[in-house]
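Scroll down for the structure; my scribbles are underneath it.
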Amino acid sequence: MTVRAAVERLGLIETGVTVADRLLGRIRGTVKTAGGRGGGALTFGAGSHVIGRRNITFQGAFTCGRRCRIEAVTVHLATPYQPTLVFGHGVALSDDVHIACAQQVVLGTDVLIGSRVLITDHNHGQYHGDAPTRPEEPPNRRALSTAPVIIGDNVWIGDLVTILPGTVIGSGCVIGANSVVRGHVGPGQILAGAPARTLRVFDPQRGQWVAAHD
């Protein structure tokens, strides 16, 4: 079996990525796939990285642009982690998206993500509670603090958005460009800002997006 045939057998269609790139680890290892509605191929743009492959599940078709970094963190400072990173069917990422998971990140069906977005379920250090991280400790030597991130179906995330640990975004939400999101967001809302706040909500009885204060 040729290298190309082996790549195709894994179910990967790598747009802009050569077989040599794969062998050099630009996309590292085999990703895990699970049958989802409609199945579908996994498509990666040039220069994208998939790290921690055994802890990543794609439930159907998936597309990402150039220079994306999809990472399941299994070890940090000799501390093991058991991350669960799940992509629902039809998730699409633009260029330069970074998704980092040390505990749990779940993206629902048909999530659309703009360019230069960060989604992470962890911080370097602990900044609350009785034993916070001390400022003189180098950031790369600080233990990870984690909280799950859950993103529902049909969510649209604009360019340059940051989604912080512990965030839950309900289905059908729209996150405006340059927003910073933290906390729980109900379904069918339009948010923007840093920190993000709700601007509009969908009123199913009226069939319209209405101002949040209406």
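Chain labels follow the order of the structure tokens: the first chain is A, the next B, and so on; residue numbering restarts at 1 in every chain, and ligands are counted from 1 in their shown order.
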*Show which residues sit within 8 Å of range 171-177 of chain A, as number ranges by chain. Count only C-alpha atoms, and ignore same-chain residues fewer than 5 positions away.*
A: 151-161, 186-193
What does the file look like for those residues with all heavy atoms, as a compact mmCIF listing (two decimals), in the first residue's frame?
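As written to disk, selection-v9.txt reads:
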```
# COMPACT_ATOMS: atom_id res chain seq x y z
N ILE A 151 -20.29 24.01 23.44
CA ILE A 151 -20.87 24.89 22.42
C ILE A 151 -21.94 24.10 21.69
O ILE A 151 -21.68 23.01 21.17
CB ILE A 151 -19.79 25.39 21.45
CG1 ILE A 151 -18.74 26.22 22.23
CG2 ILE A 151 -20.39 26.21 20.32
CD1 ILE A 151 -17.53 26.59 21.40
N GLY A 152 -23.15 24.63 21.66
CA GLY A 152 -24.29 23.91 21.10
C GLY A 152 -24.29 23.87 19.57
O GLY A 152 -23.34 24.31 18.90
N ASP A 153 -25.38 23.37 19.01
CA ASP A 153 -25.52 23.25 17.56
C ASP A 153 -25.76 24.61 16.91
O ASP A 153 -26.32 25.53 17.53
CB ASP A 153 -26.70 22.34 17.22
CG ASP A 153 -26.55 20.93 17.77
OD1 ASP A 153 -25.40 20.50 18.02
OD2 ASP A 153 -27.59 20.25 17.95
N ASN A 154 -25.35 24.73 15.65
CA ASN A 154 -25.68 25.89 14.81
C ASN A 154 -25.20 27.21 15.41
O ASN A 154 -25.85 28.25 15.24
CB ASN A 154 -27.19 25.96 14.56
CG ASN A 154 -27.72 24.69 13.92
OD1 ASN A 154 -27.11 24.15 13.01
ND2 ASN A 154 -28.84 24.20 14.43
N VAL A 155 -24.08 27.19 16.09
CA VAL A 155 -23.49 28.41 16.65
C VAL A 155 -22.53 29.01 15.64
O VAL A 155 -21.74 28.29 15.01
CB VAL A 155 -22.77 28.11 17.98
CG1 VAL A 155 -21.99 29.32 18.47
CG2 VAL A 155 -23.77 27.65 19.03
N TRP A 156 -22.60 30.33 15.48
CA TRP A 156 -21.69 31.06 14.60
C TRP A 156 -20.80 31.94 15.46
O TRP A 156 -21.28 32.80 16.18
CB TRP A 156 -22.48 31.89 13.59
CG TRP A 156 -21.64 32.78 12.71
CD1 TRP A 156 -20.32 32.62 12.40
CD2 TRP A 156 -22.07 33.97 12.05
NE1 TRP A 156 -19.90 33.64 11.57
CE2 TRP A 156 -20.95 34.48 11.34
CE3 TRP A 156 -23.29 34.63 11.98
CZ2 TRP A 156 -21.03 35.64 10.58
CZ3 TRP A 156 -23.35 35.79 11.22
CH2 TRP A 156 -22.24 36.28 10.53
N ILE A 157 -19.48 31.72 15.37
CA ILE A 157 -18.50 32.45 16.15
C ILE A 157 -17.67 33.30 15.20
O ILE A 157 -17.01 32.78 14.30
CB ILE A 157 -17.60 31.48 16.94
CG1 ILE A 157 -18.47 30.64 17.90
CG2 ILE A 157 -16.52 32.23 17.71
CD1 ILE A 157 -17.71 29.51 18.57
N GLY A 158 -17.71 34.63 15.37
CA GLY A 158 -17.02 35.53 14.46
C GLY A 158 -15.52 35.56 14.66
O GLY A 158 -14.96 34.91 15.55
N ASP A 159 -14.85 36.35 13.83
CA ASP A 159 -13.38 36.45 13.87
C ASP A 159 -12.89 37.01 15.21
O ASP A 159 -13.55 37.84 15.84
CB ASP A 159 -12.88 37.37 12.76
CG ASP A 159 -13.06 36.79 11.37
OD1 ASP A 159 -13.46 35.62 11.26
OD2 ASP A 159 -12.78 37.51 10.40
N LEU A 160 -11.72 36.54 15.61
CA LEU A 160 -10.99 37.09 16.76
C LEU A 160 -11.74 36.96 18.08
O LEU A 160 -11.52 37.74 19.00
CB LEU A 160 -10.64 38.56 16.50
CG LEU A 160 -9.63 38.79 15.36
CD1 LEU A 160 -9.67 40.23 14.89
CD2 LEU A 160 -8.23 38.42 15.80
N VAL A 161 -12.59 35.97 18.19
CA VAL A 161 -13.31 35.71 19.44
C VAL A 161 -12.46 34.84 20.35
O VAL A 161 -11.74 33.95 19.89
CB VAL A 161 -14.66 35.02 19.16
CG1 VAL A 161 -15.30 34.49 20.44
CG2 VAL A 161 -15.61 36.00 18.47
N GLY A 186 -27.61 31.30 27.15
CA GLY A 186 -28.77 30.53 26.70
C GLY A 186 -28.85 30.44 25.19
O GLY A 186 -28.15 31.16 24.47
N PRO A 187 -29.72 29.58 24.67
CA PRO A 187 -29.82 29.41 23.21
C PRO A 187 -30.43 30.63 22.53
O PRO A 187 -31.14 31.43 23.15
CB PRO A 187 -30.74 28.18 23.08
CG PRO A 187 -31.55 28.18 24.34
CD PRO A 187 -30.64 28.71 25.41
N GLY A 188 -30.14 30.77 21.24
CA GLY A 188 -30.77 31.79 20.43
C GLY A 188 -30.47 33.21 20.84
O GLY A 188 -31.37 34.04 20.91
N GLN A 189 -29.21 33.51 21.09
CA GLN A 189 -28.83 34.86 21.48
C GLN A 189 -27.71 35.38 20.58
O GLN A 189 -26.90 34.62 20.06
CB GLN A 189 -28.34 34.89 22.93
CG GLN A 189 -29.38 34.45 23.95
CD GLN A 189 -28.93 34.66 25.39
OE1 GLN A 189 -28.15 35.56 25.68
NE2 GLN A 189 -29.42 33.81 26.28
N ILE A 190 -27.68 36.71 20.41
CA ILE A 190 -26.59 37.39 19.72
C ILE A 190 -25.80 38.16 20.76
O ILE A 190 -26.37 38.98 21.50
CB ILE A 190 -27.11 38.34 18.63
CG1 ILE A 190 -27.89 37.56 17.57
CG2 ILE A 190 -25.96 39.11 17.99
CD1 ILE A 190 -28.54 38.44 16.50
N LEU A 191 -24.50 37.89 20.84
CA LEU A 191 -23.64 38.52 21.83
C LEU A 191 -22.49 39.25 21.15
O LEU A 191 -22.05 38.87 20.06
CB LEU A 191 -23.05 37.48 22.79
CG LEU A 191 -24.00 36.71 23.70
CD1 LEU A 191 -24.49 35.45 23.02
CD2 LEU A 191 -23.31 36.36 25.01
N ALA A 192 -21.99 40.27 21.82
CA ALA A 192 -20.79 40.96 21.35
C ALA A 192 -20.17 41.71 22.52
O ALA A 192 -20.84 42.01 23.52
CB ALA A 192 -21.12 41.92 20.21
N GLY A 193 -18.87 41.99 22.39
CA GLY A 193 -18.20 42.80 23.39
C GLY A 193 -17.17 42.02 24.17
O GLY A 193 -17.03 40.81 24.07
```
Range 117-204 of chain A near range 49-70 of chain A within 10 Å: what's each residue's closest atom pair and its distance in Å to one decimal, counting only C-alpha atoms, ordered by chain then ascending residue number, as CSV?
```
residue,atom,partner,partner_atom,distance
A:Val117,CA,A:Cys68,CA,9.6
A:Leu118,CA,A:Arg69,CA,9.7
A:Ile119,CA,A:Ile70,CA,9.8
```
Would you mind exporting the chosen residues as a PDB file, in the first residue's frame, restricted to N, CA, C and O atoms?
```pdb
ATOM      1  N   VAL A 117      -9.636  32.564  16.114  1.00  0.00           N
ATOM      2  CA  VAL A 117     -10.460  32.315  17.299  1.00  0.00           C
ATOM      3  C   VAL A 117      -9.699  31.406  18.259  1.00  0.00           C
ATOM      4  O   VAL A 117      -9.025  30.464  17.830  1.00  0.00           O
ATOM      5  N   LEU A 118      -9.824  31.689  19.561  1.00  0.00           N
ATOM      6  CA  LEU A 118      -9.262  30.824  20.601  1.00  0.00           C
ATOM      7  C   LEU A 118     -10.401  30.252  21.424  1.00  0.00           C
ATOM      8  O   LEU A 118     -11.251  30.991  21.933  1.00  0.00           O
ATOM      9  N   ILE A 119     -10.407  28.935  21.558  1.00  0.00           N
ATOM     10  CA  ILE A 119     -11.336  28.229  22.447  1.00  0.00           C
ATOM     11  C   ILE A 119     -10.485  27.368  23.361  1.00  0.00           C
ATOM     12  O   ILE A 119      -9.762  26.488  22.903  1.00  0.00           O
TER      13      ILE A 119
END
```
*Quick one: residues within 12 Å of Pro138 in chain A, only C-alpha atoms counted, chain neighbours fewer than 5 positions away excluded, as a list in words?*
His124, Gly125, Thr133 and Ala143 of chain A
Just write the chosen residues, N, CA and C atoms, as a PDB file, in the first residue's frame.
```pdb
ATOM      1  N   HIS A 124      -3.177  28.692  32.561  1.00  0.00           N
ATOM      2  CA  HIS A 124      -1.918  28.390  33.241  1.00  0.00           C
ATOM      3  C   HIS A 124      -1.950  29.092  34.597  1.00  0.00           C
ATOM      4  N   GLY A 125      -2.232  28.324  35.630  1.00  0.00           N
ATOM      5  CA  GLY A 125      -2.288  28.883  36.972  1.00  0.00           C
ATOM      6  C   GLY A 125      -3.708  28.929  37.516  1.00  0.00           C
ATOM      7  N   THR A 133      -2.011  31.065  42.353  1.00  0.00           N
ATOM      8  CA  THR A 133      -0.667  31.100  41.783  1.00  0.00           C
ATOM      9  C   THR A 133       0.019  32.410  42.159  1.00  0.00           C
ATOM     10  N   ALA A 143       0.711  25.077  37.124  1.00  0.00           N
ATOM     11  CA  ALA A 143      -0.217  23.969  36.882  1.00  0.00           C
ATOM     12  C   ALA A 143      -1.458  24.489  36.164  1.00  0.00           C
TER      13      ALA A 143
END
```
*Residue contacts of Ala211 in chain A (12 Å, only C-alpha atoms) excluding same-chain residues fewer than 5 positions away, as a PyMOL selection string*: chain A and resi 189-191+197-203
*Got a sec: who's within 7 Å of Leu107 in chain A, counting only C-alpha atoms, leaving out chain neighbours fewer than 4 positions off, as a list in words?*
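My list of contacting residues is Val86, Phe87, Gly88, Val111, Ile150, Ile151 and Gly152 of chain A.
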_Best match for closeness to Ala92 in chain A among A:Pro139, A:Gly47, A:Gly108, A:Gly207, counting only C-alpha atoms_ = A:Gly108
*In Å, how far is it from CA of Thr167 in chain A to CA of Asp121 in chain A?*
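Between these atoms lies a distance of 8.2 Å.
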*Contact residues around range 140-142 of chain A with only C-alpha atoms at 12 Å, ignoring same-chain residues under 5 positions, as a PyMOL selection string*: chain A and resi 76-79+122-127+132-135
*Record the distance separating CA of Gly166 in chain A and CA of Ser115 in chain A, expressed in Å with one decimal.*
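Computing the Euclidean distance for CA of Gly166 in chain A and CA of Ser115 in chain A yields 21.8 Å.
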